[in-house]
file structure_20.txt (compact mmCIF, C-alpha atoms and all ligand atoms)
# COMPACT_ATOMS: atom_id res chain seq x y z
CA MET H 23 -64.59 -10.49 -71.23
CA SER H 24 -67.72 -10.36 -69.12
CA TYR H 25 -70.30 -13.03 -68.44
CA THR H 26 -74.04 -13.52 -68.03
CA VAL H 27 -74.54 -15.01 -64.58
CA ALA H 28 -77.69 -16.48 -63.06
CA ILE H 29 -78.23 -17.12 -59.36
CA ALA H 30 -80.85 -19.78 -58.67
CA GLY H 31 -82.06 -19.28 -55.10
CA ALA H 32 -81.08 -15.59 -55.17
CA THR H 33 -83.44 -14.71 -52.28
CA GLY H 34 -81.99 -17.31 -49.89
CA LEU H 35 -79.19 -16.86 -47.35
CA VAL H 36 -76.51 -18.38 -49.58
CA GLY H 37 -77.93 -16.83 -52.77
CA ARG H 38 -77.82 -13.35 -51.23
CA THR H 39 -74.25 -13.98 -50.05
CA MET H 40 -73.31 -15.14 -53.58
CA LEU H 41 -74.54 -11.82 -54.91
CA ARG H 42 -72.56 -9.88 -52.31
CA VAL H 43 -69.39 -11.91 -53.00
CA LEU H 44 -69.71 -11.37 -56.78
CA GLU H 45 -69.99 -7.63 -56.12
CA GLU H 46 -67.11 -7.49 -53.64
CA ARG H 47 -64.78 -9.47 -55.90
CA ASN H 48 -65.82 -7.40 -58.89
CA PHE H 49 -66.72 -10.46 -60.96
CA PRO H 50 -67.01 -9.39 -64.62
CA ILE H 51 -70.79 -9.44 -65.03
CA LYS H 52 -72.41 -8.68 -68.38
CA GLU H 53 -75.93 -9.51 -67.24
CA LEU H 54 -77.33 -10.86 -64.02
CA LYS H 55 -80.43 -13.03 -63.64
CA LEU H 56 -81.84 -13.48 -60.17
CA LEU H 57 -84.02 -16.57 -59.91
CA ALA H 58 -86.14 -17.95 -57.07
CA SER H 59 -89.50 -19.61 -56.55
CA ALA H 60 -92.75 -18.12 -57.85
CA ARG H 61 -93.29 -16.72 -54.31
CA SER H 62 -90.42 -14.25 -54.80
CA ALA H 63 -90.96 -13.34 -58.47
CA GLY H 64 -91.21 -9.55 -58.82
CA GLN H 65 -89.07 -8.75 -55.75
CA VAL H 66 -86.57 -5.98 -56.40
CA VAL H 67 -82.93 -6.55 -55.41
CA SER H 68 -80.12 -3.98 -55.63
CA ALA H 69 -76.72 -5.14 -56.83
CA PHE H 70 -73.83 -3.70 -58.85
CA GLY H 71 -75.45 -0.27 -58.49
CA LYS H 72 -78.60 -1.38 -60.31
CA GLU H 73 -81.99 -2.80 -59.48
CA TYR H 74 -82.86 -6.32 -60.57
CA ILE H 75 -86.26 -8.00 -60.57
CA VAL H 76 -86.32 -11.57 -59.26
CA GLU H 77 -87.74 -14.01 -61.81
CA GLU H 78 -89.31 -17.40 -61.31
CA LEU H 79 -86.86 -20.24 -61.97
CA THR H 80 -88.03 -22.33 -64.93
CA GLU H 81 -86.38 -24.75 -67.32
CA HIS H 82 -86.05 -21.87 -69.82
CA SER H 83 -84.25 -19.51 -67.41
CA PHE H 84 -80.73 -20.29 -68.67
CA ALA H 85 -80.83 -19.37 -72.37
CA GLY H 86 -77.85 -17.08 -73.03
CA CYS H 87 -76.33 -17.60 -69.54
CA ASP H 88 -72.65 -18.47 -69.16
CA ILE H 89 -72.64 -19.43 -65.47
CA ALA H 90 -75.43 -20.38 -63.05
CA LEU H 91 -74.77 -20.44 -59.32
CA PHE H 92 -77.37 -22.70 -57.72
CA SER H 93 -78.39 -22.64 -54.07
CA ALA H 94 -82.07 -23.43 -54.08
CA GLY H 95 -82.14 -26.85 -52.43
CA GLY H 96 -81.33 -30.33 -53.68
CA SER H 97 -84.57 -31.14 -55.50
CA THR H 98 -84.46 -27.82 -57.38
CA SER H 99 -80.87 -28.51 -58.47
CA LYS H 100 -81.76 -31.99 -59.54
CA GLN H 101 -84.65 -30.72 -61.62
CA TYR H 102 -83.13 -27.60 -63.19
CA ALA H 103 -79.31 -27.95 -63.35
CA PRO H 104 -79.49 -30.36 -66.33
CA TYR H 105 -81.56 -27.77 -68.27
CA ALA H 106 -78.91 -25.15 -67.60
CA ALA H 107 -76.10 -27.48 -68.74
CA ALA H 108 -78.11 -28.41 -71.85
CA ALA H 109 -78.33 -24.69 -72.66
CA GLY H 110 -74.49 -24.51 -72.53
CA CYS H 111 -74.46 -22.76 -69.16
CA VAL H 112 -71.98 -24.01 -66.53
CA VAL H 113 -73.72 -24.82 -63.25
CA ILE H 114 -71.90 -24.43 -59.94
CA ASP H 115 -74.25 -26.17 -57.57
CA ASN H 116 -74.24 -25.72 -53.82
CA SER H 117 -76.60 -28.61 -53.04
CA SER H 118 -75.50 -32.16 -52.31
CA THR H 119 -77.29 -33.52 -55.40
CA TRP H 120 -74.34 -33.82 -57.80
CA ARG H 121 -71.40 -34.00 -55.39
CA MET H 122 -70.70 -37.71 -55.70
CA HIS H 123 -71.79 -37.95 -59.37
CA PRO H 124 -68.85 -39.34 -61.37
CA ASN H 125 -69.27 -36.67 -64.08
CA ALA H 126 -69.38 -33.75 -61.65
CA PRO H 127 -66.10 -32.40 -60.26
CA LEU H 128 -66.32 -31.54 -56.56
CA VAL H 129 -64.02 -28.60 -56.12
CA VAL H 130 -62.30 -26.47 -53.50
CA PRO H 131 -59.98 -24.32 -55.62
CA GLU H 132 -57.14 -24.29 -53.05
CA VAL H 133 -57.11 -28.11 -53.16
CA ASN H 134 -58.20 -29.43 -56.58
CA ALA H 135 -58.78 -26.64 -59.11
CA TYR H 136 -57.27 -29.05 -61.68
CA ALA H 137 -60.49 -31.12 -61.51
CA LEU H 138 -62.34 -28.27 -63.26
CA GLU H 139 -60.49 -28.67 -66.54
CA HIS H 140 -62.63 -31.39 -68.11
CA HIS H 141 -66.02 -30.70 -66.56
CA HIS H 142 -69.30 -31.47 -68.31
CA GLY H 143 -71.40 -28.49 -67.33
CA ILE H 144 -72.28 -29.30 -63.71
CA ILE H 145 -69.70 -28.61 -61.00
CA ALA H 146 -70.49 -29.33 -57.37
CA ASN H 147 -69.66 -27.03 -54.49
CA PRO H 148 -68.88 -29.19 -51.44
CA ASN H 149 -70.56 -29.27 -48.06
CA CYS H 150 -69.64 -26.27 -45.89
CA SER H 151 -67.95 -28.27 -43.11
CA THR H 152 -65.96 -30.25 -45.66
CA ILE H 153 -64.68 -27.16 -47.48
CA GLN H 154 -63.08 -25.55 -44.46
CA MET H 155 -61.59 -28.82 -43.27
CA VAL H 156 -59.93 -29.74 -46.59
CA VAL H 157 -58.44 -26.25 -46.96
CA ALA H 158 -56.62 -26.88 -43.67
CA LEU H 159 -55.85 -30.55 -44.35
CA GLN H 160 -54.32 -30.18 -47.82
CA PRO H 161 -51.05 -28.45 -46.74
CA ILE H 162 -50.71 -30.96 -43.90
CA HIS H 163 -51.21 -33.82 -46.32
CA GLU H 164 -48.65 -32.39 -48.75
CA GLN H 165 -46.06 -31.96 -46.02
CA PHE H 166 -46.63 -34.93 -43.73
CA GLY H 167 -48.91 -37.45 -45.57
CA LEU H 168 -52.40 -37.81 -44.11
CA LYS H 169 -53.30 -41.18 -42.58
CA ARG H 170 -56.36 -40.53 -40.44
CA VAL H 171 -58.63 -37.64 -39.48
CA VAL H 172 -60.98 -37.43 -36.49
CA VAL H 173 -63.25 -34.41 -36.72
CA SER H 174 -66.05 -33.05 -34.52
CA THR H 175 -67.96 -30.07 -35.85
CA TYR H 176 -69.61 -27.18 -34.00
CA GLN H 177 -71.91 -25.92 -36.76
CA SER H 178 -73.88 -22.70 -36.81
CA VAL H 179 -77.60 -22.58 -37.54
CA SER H 180 -77.15 -20.55 -40.75
CA GLY H 181 -76.01 -23.83 -42.33
CA ALA H 182 -79.70 -24.71 -42.45
CA GLY H 183 -80.54 -21.49 -44.33
CA GLN H 184 -82.82 -18.67 -43.23
CA LYS H 185 -85.04 -21.16 -41.40
CA GLY H 186 -82.19 -22.10 -39.07
CA VAL H 187 -81.43 -18.47 -38.22
CA ASP H 188 -85.14 -17.70 -37.65
CA HIS H 189 -85.55 -20.77 -35.43
CA LEU H 190 -82.65 -19.84 -33.11
CA GLN H 191 -83.49 -16.13 -32.98
CA ALA H 192 -87.14 -16.81 -32.12
CA GLU H 193 -86.12 -19.08 -29.22
CA ILE H 194 -83.55 -16.57 -27.91
CA GLN H 195 -86.35 -13.98 -27.90
CA GLY H 196 -88.57 -16.43 -25.99
CA LYS H 197 -90.91 -16.95 -28.95
CA GLU H 198 -92.18 -20.12 -30.59
CA PRO H 199 -90.40 -20.45 -33.98
CA GLU H 200 -92.66 -20.39 -37.06
CA SER H 201 -90.79 -23.38 -38.43
CA ARG H 202 -88.10 -25.54 -36.92
CA ILE H 203 -84.90 -27.17 -38.18
CA SER H 204 -84.77 -29.54 -35.19
CA THR H 205 -87.39 -31.11 -32.95
CA HIS H 206 -85.17 -30.07 -30.01
CA PRO H 207 -84.65 -26.47 -28.92
CA LEU H 208 -81.64 -24.82 -30.58
CA ALA H 209 -81.16 -22.07 -28.01
CA TYR H 210 -78.79 -22.97 -25.14
CA ASN H 211 -78.52 -26.47 -26.56
CA THR H 212 -76.48 -28.72 -28.85
CA VAL H 213 -78.28 -30.98 -31.33
CA PHE H 214 -77.51 -33.32 -34.18
CA HIS H 215 -78.44 -33.10 -37.85
CA SER H 216 -81.22 -35.52 -38.72
CA ILE H 217 -80.11 -39.11 -38.65
CA THR H 218 -81.79 -41.03 -41.44
CA ASP H 219 -79.16 -43.67 -42.15
CA ALA H 220 -79.49 -47.12 -40.60
CA SER H 221 -75.79 -46.90 -39.68
CA GLY H 222 -76.68 -44.20 -37.14
CA PHE H 223 -74.68 -41.51 -38.93
CA SER H 224 -76.25 -38.24 -40.04
CA GLU H 225 -76.15 -37.34 -43.71
CA GLU H 226 -73.85 -34.46 -42.80
CA GLU H 227 -71.34 -36.92 -41.31
CA ILE H 228 -71.50 -39.21 -44.35
CA LYS H 229 -71.05 -36.21 -46.67
CA MET H 230 -67.92 -35.05 -44.83
CA LYS H 231 -66.36 -38.47 -45.12
CA ASN H 232 -67.15 -39.11 -48.79
CA GLU H 233 -66.55 -35.57 -50.02
CA THR H 234 -63.17 -35.23 -48.30
CA ARG H 235 -61.96 -38.40 -50.00
CA LYS H 236 -63.16 -37.20 -53.42
CA ILE H 237 -61.78 -33.65 -53.18
CA MET H 238 -58.38 -34.67 -51.81
CA ASN H 239 -58.26 -37.67 -54.15
CA LEU H 240 -57.53 -39.94 -51.17
CA PRO H 241 -60.12 -42.70 -51.57
CA ASP H 242 -58.75 -44.72 -48.65
CA VAL H 243 -57.95 -42.07 -46.08
CA LYS H 244 -59.49 -42.91 -42.69
CA ILE H 245 -62.00 -40.36 -41.44
CA ALA H 246 -64.10 -40.41 -38.26
CA VAL H 247 -66.78 -37.69 -38.14
CA THR H 248 -69.27 -36.37 -35.59
CA CYS H 249 -71.34 -33.36 -36.67
CA VAL H 250 -72.99 -31.16 -34.06
CA ARG H 251 -75.23 -28.09 -34.38
CA VAL H 252 -74.51 -25.40 -31.79
CA PRO H 253 -76.41 -22.18 -31.00
CA VAL H 254 -74.13 -19.96 -33.09
CA LEU H 255 -75.65 -17.81 -35.86
CA GLY H 256 -72.84 -17.93 -38.42
CA ALA H 257 -69.49 -19.72 -39.01
CA HIS H 258 -68.66 -23.33 -38.27
CA SER H 259 -65.90 -24.49 -35.91
CA GLU H 260 -64.19 -27.87 -36.07
CA SER H 261 -61.93 -29.85 -33.79
CA VAL H 262 -59.72 -31.65 -36.31
CA ASN H 263 -57.32 -34.35 -35.12
CA VAL H 264 -54.85 -35.61 -37.71
CA GLU H 265 -52.55 -38.60 -37.82
CA THR H 266 -49.79 -38.47 -40.42
CA GLU H 267 -47.11 -40.65 -42.00
CA LYS H 268 -44.26 -38.30 -41.08
CA PRO H 269 -43.50 -36.70 -37.71
CA MET H 270 -44.74 -33.19 -37.02
CA THR H 271 -43.91 -30.42 -34.58
CA VAL H 272 -46.15 -27.46 -33.73
CA GLU H 273 -43.65 -25.24 -35.57
CA SER H 274 -43.57 -27.43 -38.70
CA ILE H 275 -47.39 -27.52 -38.81
CA ARG H 276 -47.51 -23.75 -38.49
CA ALA H 277 -44.90 -23.44 -41.26
CA ALA H 278 -46.93 -25.77 -43.50
CA LEU H 279 -50.09 -23.67 -43.05
CA GLN H 280 -48.59 -20.17 -42.91
CA GLY H 281 -49.17 -18.15 -46.05
CA LYS H 282 -51.15 -20.87 -47.83
CA PRO H 283 -54.01 -19.53 -50.00
CA GLY H 284 -57.23 -19.20 -48.03
CA ILE H 285 -55.66 -19.87 -44.62
CA THR H 286 -55.08 -17.44 -41.77
CA LEU H 287 -53.23 -18.72 -38.70
CA VAL H 288 -54.64 -17.38 -35.44
CA ASP H 289 -52.56 -19.25 -32.91
CA ASP H 290 -51.28 -17.56 -29.79
CA PRO H 291 -53.27 -19.51 -27.21
CA ILE H 292 -51.42 -18.15 -24.15
CA ASN H 293 -52.79 -14.73 -25.07
CA ALA H 294 -56.26 -16.15 -25.82
CA VAL H 295 -55.63 -15.68 -29.53
CA TYR H 296 -57.47 -18.42 -31.41
CA PRO H 297 -60.18 -18.55 -34.09
CA THR H 298 -63.81 -17.95 -33.07
CA PRO H 299 -66.98 -17.99 -35.17
CA VAL H 300 -67.77 -14.38 -34.27
CA ALA H 301 -64.36 -13.22 -35.53
CA ALA H 302 -64.56 -15.43 -38.65
CA SER H 303 -68.02 -14.16 -39.67
CA ASN H 304 -68.16 -12.19 -42.91
CA LYS H 305 -64.60 -13.20 -43.79
CA ASP H 306 -63.51 -15.47 -46.62
CA ASP H 307 -60.55 -17.28 -45.08
CA VAL H 308 -60.30 -20.48 -43.09
CA PHE H 309 -58.88 -19.65 -39.65
CA VAL H 310 -56.66 -22.22 -37.94
CA GLY H 311 -55.35 -22.23 -34.38
CA ARG H 312 -54.85 -24.21 -31.17
CA ILE H 313 -52.23 -26.33 -32.91
CA ARG H 314 -51.08 -28.98 -30.44
CA LEU H 315 -49.33 -32.31 -30.77
CA ASP H 316 -51.36 -35.40 -29.90
CA ASP H 317 -49.10 -37.79 -28.03
CA SER H 318 -51.72 -40.57 -27.96
CA VAL H 319 -50.50 -41.71 -31.41
CA GLU H 320 -47.11 -41.78 -33.12
CA ASN H 321 -47.59 -38.72 -35.39
CA GLY H 322 -50.67 -36.81 -34.30
CA ALA H 323 -51.87 -33.23 -33.93
CA HIS H 324 -54.95 -31.21 -33.02
CA LEU H 325 -56.21 -28.18 -34.97
CA TRP H 326 -59.15 -25.85 -34.40
CA VAL H 327 -60.56 -24.78 -37.77
CA VAL H 328 -63.16 -22.01 -38.13
CA SER H 329 -64.74 -20.44 -41.21
CA ASP H 330 -67.87 -18.58 -42.31
CA ASN H 331 -70.10 -21.34 -43.67
CA LEU H 332 -72.09 -18.96 -45.89
CA ARG H 333 -68.92 -17.49 -47.43
CA LYS H 334 -65.98 -19.94 -47.83
CA GLY H 335 -68.36 -22.78 -46.96
CA ALA H 336 -70.73 -21.86 -49.80
CA ALA H 337 -70.86 -18.55 -51.71
CA THR H 338 -67.18 -17.62 -51.80
CA ASN H 339 -66.09 -21.11 -52.82
CA ALA H 340 -68.69 -21.11 -55.62
CA VAL H 341 -67.52 -17.72 -56.88
CA GLN H 342 -63.87 -18.85 -56.66
CA ILE H 343 -64.79 -21.84 -58.85
CA ALA H 344 -66.32 -19.41 -61.36
CA GLU H 345 -63.19 -17.24 -61.21
CA SER H 346 -60.99 -20.27 -61.78
CA LEU H 347 -63.05 -21.38 -64.82
CA VAL H 348 -62.79 -17.90 -66.29
CA ALA H 349 -59.05 -17.53 -65.53
CA HIS H 350 -58.22 -20.86 -67.22
CA ASN H 351 -60.68 -20.39 -70.07
CA TRP H 352 -62.49 -23.56 -69.00
CA LEU H 353 -66.10 -22.42 -69.38
CA ARG H 354 -66.66 -24.42 -72.58
CA PHE H 355 -67.48 -28.07 -72.02
CA GLU H 356 -68.23 -31.41 -73.62
CA PRO H 357 -71.84 -32.20 -72.64
CA VAL H 358 -72.92 -35.61 -71.35
CA GLU H 359 -75.97 -37.32 -72.86
CA GLN H 360 -77.81 -37.64 -69.59
CA TRP H 361 -77.33 -36.32 -66.08
P1 LIG S 1 -87.88 -18.35 -52.27
O1 LIG S 1 -87.27 -17.26 -51.42
O2 LIG S 1 -88.71 -17.79 -53.37
O3 LIG S 1 -88.55 -19.45 -51.48
P2 LIG S 1 -82.59 -20.68 -47.92
O4 LIG S 1 -81.54 -21.73 -48.09
O5 LIG S 1 -82.12 -19.45 -47.25
O6 LIG S 1 -83.82 -21.24 -47.30
O7 LIG S 1 -83.01 -20.24 -49.43
C1 LIG S 1 -83.49 -21.13 -50.41
C2 LIG S 1 -83.55 -20.43 -51.77
O8 LIG S 1 -84.01 -21.38 -52.72
C3 LIG S 1 -84.52 -19.27 -51.84
O9 LIG S 1 -84.04 -18.31 -52.75
C4 LIG S 1 -85.77 -19.93 -52.39
O10 LIG S 1 -86.67 -19.04 -53.07
C5 LIG S 1 -85.16 -20.87 -53.39
N1 LIG S 1 -86.06 -21.96 -53.74
C6 LIG S 1 -86.58 -22.90 -52.92
N2 LIG S 1 -87.39 -23.73 -53.60
C7 LIG S 1 -87.36 -23.33 -54.90
C8 LIG S 1 -88.00 -23.77 -56.10
N3 LIG S 1 -88.80 -24.84 -56.13
N4 LIG S 1 -87.75 -23.08 -57.25
C9 LIG S 1 -86.94 -22.02 -57.23
N5 LIG S 1 -86.30 -21.53 -56.13
C10 LIG S 1 -86.53 -22.18 -54.98
call {"tool": "encode", "arguments": {"input": "structure_20.txt", "output": "C-alpha cells", "more": "lines below"}}
Ligand code: A2P
result
Amino acid sequence: MSYTVAIAGATGLVGRTMLRVLEERNFPIKELKLLASARSAGQVVSAFGKEYIVEELTEHSFAGCDIALFSAGGSTSKQYAPYAAAAGCVVIDNSSTWRMHPNAPLVVPEVNAYALEHHHGIIANPNCSTIQMVVALQPIHEQFGLKRVVVSTYQSVSGAGQKGVDHLQAEIQGKEPESRISTHPLAYNTVFHSITDASGFSEEEIKMKNETRKIMNLPDVKIAVTCVRVPVLGAHSESVNVETEKPMTVESIRAALQGKPGITLVDDPINAVYPTPVAASNKDDVFVGRIRLDDSVENGAHLWVVSDNLRKGAATNAVQIAESLVAHNWLRFEPVEQW
C-alpha cells in the first residue's frame, strides 16, 4: 500500500523537516502535495527524486489525500484541518490548536500509540518540549510510579520557526533582525516565551503541564514547569527532576531507560559524556544523561534530557504517528459532526 500525503506548511522549518523525515524513513508515498501560503505557491521543491510545485493551501486541497501533516501555525490548522477531516483525510497537526480537544488524541507513539485506535480524523502532535520529556518519563513511571516532576527547559530558537533562527543569527552577526521573536536580544541572553496568562505562566509552561498529563494519562500528576529560551539554534535541553512512589538507584534508572524505543543513554559524566544540543541535532532519539539521585526528597532523581525539537519534537513524531496508523490499519475513522 502507498498513500497520498499532504504537507501543510511545507516551506516552513518543520514542514521541510517533515519532508526530509518522510524521505529518510522511506514512507510509502503514492502522491505528495506540498501546501503553503499564496506567497510560496509555484516554488519548486525536490523530494523523493522528483520535483514538486508548492500549491496554495485552500479548503479544497485535501480531496483524495490519505494523510495531511500540518505545521502552518495554529490559526491555519484551526481553519483548514476540519476540511481535511471532512474529506476523509487524517490530519496530524503540529500546532497547539487541537491538543486538548477531547476528540483529538495527543500522541507520542512510544508512550500512547493505543490512543490512535479510535481517532476521528484529527490527531495532535504534542509540544516539542513535552514530547522529549514524556519519552524519558514513561519508562520511569512504569518502573517506579511518577509522583511529581519539576522541569526547567533550555529551548533553542528553532522552536519559534524560521523567524527564531533568523533573529538569533542576525544578532550574532551584529545585524538588526528583520523580525523578532522576543523584545529582548536572543544572542548571549536567556529569555522567556511570551507570558499572556494572568497566572504569570507562559503558554509554553501551561502546555507542558496539561499535555504531559493527557499523553501519560496521569490527570493528577504534579508538574512544576519553567520554560526558558536559550541562544541555541537547534535541539532543546531539559533539567528534569522526578519524585517517584518507589525507591530508585542510578543503576535502576539507567536499566529502566536503556534500550527503550526512542531513548539513547549518554551518561558517563566523569568523562564529560552527557547529551548536548549540538550532538542531538539532526537525530531522532531523545538523549538522557546526568542521572543523579536527589536526596532532598524520599525518592528523587535528576535527569538531563536533550532532543532535536524539529525532529522528535515535531516532524519525526508526526511521521511516527503516520507510520503507526498505517501499521495498525487505523487510517479509517468515524467522523465527528463538528470540530
Ligand atoms: P509560507 O512559507 O508561504 O509563509 P515556520 O514555522 O518556519 O515559520 O513556517 C510556517 C509555515 O506555515 C510556512 O510553510 C508558511 O508558508 C505556512 N503558512 C503560514 N501561514 C499560512 C497560511 N495562512 N496558509 C498556508 N500556509 C501558511
call {"tool": "residues_near_ligand", "arguments": {"input": "structure_20.txt", "ligand": "ligand LIG 1 (chain S)", "cutoff": "7 Å", "atoms": "only C-alpha atoms and all ligand atoms", "output": "PyMOL selection string"}}
result
chain H and resi 30-37+57-62+78-79+93-95+98+182-185
call {"tool": "residues_near_point", "arguments": {"input": "structure_20.txt", "point": "(-63.5, -28.2, -38.0)", "cutoff": "10 Å", "atoms": "all atoms listed in the file", "output": "short mmCIF file (atom, residue, chain, number, x, y, z; two decimals) with C-alpha atoms, in the frame of the given file"}}
result
data_model
loop_
_atom_site.label_atom_id
_atom_site.label_comp_id
_atom_site.auth_asym_id
_atom_site.auth_seq_id
_atom_site.Cartn_x
_atom_site.Cartn_y
_atom_site.Cartn_z
CA SER H 151 -67.95 -28.27 -43.11
CA THR H 152 -65.96 -30.25 -45.66
CA ILE H 153 -64.68 -27.16 -47.48
CA GLN H 154 -63.08 -25.55 -44.46
CA MET H 155 -61.59 -28.82 -43.27
CA VAL H 156 -59.93 -29.74 -46.59
CA ALA H 158 -56.62 -26.88 -43.67
CA VAL H 172 -60.98 -37.43 -36.49
CA VAL H 173 -63.25 -34.41 -36.72
CA SER H 174 -66.05 -33.05 -34.52
CA THR H 175 -67.96 -30.07 -35.85
CA TYR H 176 -69.61 -27.18 -34.00
CA GLN H 177 -71.91 -25.92 -36.76
CA CYS H 249 -71.34 -33.36 -36.67
CA HIS H 258 -68.66 -23.33 -38.27
CA SER H 259 -65.90 -24.49 -35.91
CA GLU H 260 -64.19 -27.87 -36.07
CA SER H 261 -61.93 -29.85 -33.79
CA VAL H 262 -59.72 -31.65 -36.31
CA ASN H 263 -57.32 -34.35 -35.12
CA VAL H 308 -60.30 -20.48 -43.09
CA PHE H 309 -58.88 -19.65 -39.65
CA VAL H 310 -56.66 -22.22 -37.94
CA LEU H 325 -56.21 -28.18 -34.97
CA TRP H 326 -59.15 -25.85 -34.40
CA VAL H 327 -60.56 -24.78 -37.77
CA VAL H 328 -63.16 -22.01 -38.13
CA SER H 329 -64.74 -20.44 -41.21
#
call {"tool": "closest_residue", "arguments": {"input": "structure_20.txt", "among": "H:Val252, H:Pro131, H:Gly311, H:Lys305", "to": "Arg333 in chain H", "atoms": "only C-alpha atoms"}}
result
H:Lys305
call {"tool": "residues_around", "arguments": {"input": "structure_20.txt", "residues": "Ala277 in chain H", "least_positions_apart": "3", "cutoff": "10 Å", "atoms": "only C-alpha atoms", "output": "MDAnalysis selection string"}}
result
chainID H and resid 161:162 165 271:274 280:282 287
call {"tool": "closest_residue", "arguments": {"input": "structure_20.txt", "among": "H:Ile29, H:Cys150, H:Ala69, H:Ala107", "to": "Glu45 in chain H", "atoms": "all atoms listed in the file"}}
result
H:Ala69
call {"tool": "closest_atom_pairs", "arguments": {"input": "structure_20.txt", "of": "range 232-256 of chain H", "to": "range 205-228 of chain H", "cutoff": "10 Å", "atoms": "all atoms listed in the file", "output": "Markdown table"}}
result
| residue | atom | partner | partner_atom | distance |
| --- | --- | --- | --- | --- |
| H:Asn232 | CA | H:Ile228 | CA | 6.2 |
| H:Glu233 | CA | H:Ile228 | CA | 8.4 |
| H:Ile245 | CA | H:Glu227 | CA | 10.0 |
| H:Ala246 | CA | H:Glu227 | CA | 8.6 |
| H:Val247 | CA | H:Glu227 | CA | 5.6 |
| H:Thr248 | CA | H:Glu227 | CA | 6.1 |
| H:Cys249 | CA | H:Glu227 | CA | 5.8 |
| H:Val250 | CA | H:Phe214 | CA | 5.0 |
| H:Arg251 | CA | H:Val213 | CA | 5.2 |
| H:Val252 | CA | H:Thr212 | CA | 4.9 |
| H:Pro253 | CA | H:Ala209 | CA | 5.6 |
| H:Val254 | CA | H:Ala209 | CA | 8.9 |
call {"tool": "atom_distance", "arguments": {"input": "structure_20.txt", "atom1": "CA of Ala137 in chain H", "atom2": "CA of Lys229 in chain H"}}
result
18.9 Å
call {"tool": "atom_distance", "arguments": {"input": "structure_20.txt", "atom1": "CA of Ala28 in chain H", "atom2": "CA of Ile343 in chain H"}}
result
14.6 Å
call {"tool": "atom_distance", "arguments": {"input": "structure_20.txt", "atom1": "CA of Met122 in chain H", "atom2": "CA of Asn134 in chain H"}}
result
15.0 Å
call {"tool": "residues_around", "arguments": {"input": "structure_20.txt", "residues": "Phe355 in chain H", "least_positions_apart": "4", "cutoff": "7 Å", "atoms": "only C-alpha atoms", "output": "VMD selection string"}}
result
chain H and resid 141 to 143
call {"tool": "closest_residue", "arguments": {"input": "structure_20.txt", "among": "H:Met230, H:Ser178, H:Val264, H:Val243", "to": "Val300 in chain H", "atoms": "all atoms listed in the file"}}
result
H:Ser178
call {"tool": "closest_residue", "arguments": {"input": "structure_20.txt", "among": "H:Ala103, H:Ala108, H:Thr26, H:Lys52", "to": "Gly86 in chain H", "atoms": "all atoms listed in the file"}}
result
H:Thr26
call {"tool": "residues_near_point", "arguments": {"input": "structure_20.txt", "point": "(-53.1, -18.2, -32.5)", "cutoff": "9 Å", "atoms": "only C-alpha atoms", "output": "mmCIF file with C-alpha atoms, in the coordinates of the input"}}
result
data_model
loop_
_atom_site.group_PDB
_atom_site.id
_atom_site.type_symbol
_atom_site.label_atom_id
_atom_site.label_comp_id
_atom_site.auth_asym_id
_atom_site.auth_seq_id
_atom_site.Cartn_x
_atom_site.Cartn_y
_atom_site.Cartn_z
ATOM 1 C CA LEU H 287 -53.230 -18.720 -38.700
ATOM 2 C CA VAL H 288 -54.640 -17.380 -35.440
ATOM 3 C CA ASP H 289 -52.560 -19.250 -32.910
ATOM 4 C CA ASP H 290 -51.280 -17.560 -29.790
ATOM 5 C CA PRO H 291 -53.270 -19.510 -27.210
ATOM 6 C CA ILE H 292 -51.420 -18.150 -24.150
ATOM 7 C CA ASN H 293 -52.790 -14.730 -25.070
ATOM 8 C CA ALA H 294 -56.260 -16.150 -25.820
ATOM 9 C CA VAL H 295 -55.630 -15.680 -29.530
ATOM 10 C CA TYR H 296 -57.470 -18.420 -31.410
ATOM 11 C CA PRO H 297 -60.180 -18.550 -34.090
ATOM 12 C CA VAL H 310 -56.660 -22.220 -37.940
ATOM 13 C CA GLY H 311 -55.350 -22.230 -34.380
ATOM 14 C CA ARG H 312 -54.850 -24.210 -31.170
ATOM 15 C CA ILE H 313 -52.230 -26.330 -32.910
#
call {"tool": "residues_around", "arguments": {"input": "structure_20.txt", "residues": "Leu44 in chain H", "least_positions_apart": "4", "cutoff": "12 Å", "atoms": "all atoms listed in the file", "output": "number ranges by chain"}}
result
H: 25, 27-29, 37-40, 48-51, 54, 69-70, 91, 333, 337-345
call {"tool": "residues_around", "arguments": {"input": "structure_20.txt", "residues": "Met238 in chain H", "least_positions_apart": "6", "cutoff": "10 Å", "atoms": "only C-alpha atoms", "output": "list in words"}}
result
Leu128, Val129, Val130, Val133, Asn134, Val156, Val157, Leu159, Gln160 and His163 of chain H
call {"tool": "write_last_selection", "arguments": {"input": "structure_20.txt", "atoms": "C-alpha atoms", "output": "short mmCIF file (atom, residue, chain, number, x, y, z; two decimals), keeping the file's coordinate frame"}}
result
data_model
loop_
_atom_site.label_atom_id
_atom_site.label_comp_id
_atom_site.auth_asym_id
_atom_site.auth_seq_id
_atom_site.Cartn_x
_atom_site.Cartn_y
_atom_site.Cartn_z
CA LEU H 128 -66.32 -31.54 -56.56
CA VAL H 129 -64.02 -28.60 -56.12
CA VAL H 130 -62.30 -26.47 -53.50
CA VAL H 133 -57.11 -28.11 -53.16
CA ASN H 134 -58.20 -29.43 -56.58
CA VAL H 156 -59.93 -29.74 -46.59
CA VAL H 157 -58.44 -26.25 -46.96
CA LEU H 159 -55.85 -30.55 -44.35
CA GLN H 160 -54.32 -30.18 -47.82
CA HIS H 163 -51.21 -33.82 -46.32
#
call {"tool": "closest_residue", "arguments": {"input": "structure_20.txt", "among": "H:Tyr74, H:Phe84, H:Phe92, H:Trp120", "to": "Ala336 in chain H", "atoms": "all atoms listed in the file"}}
result
H:Phe92
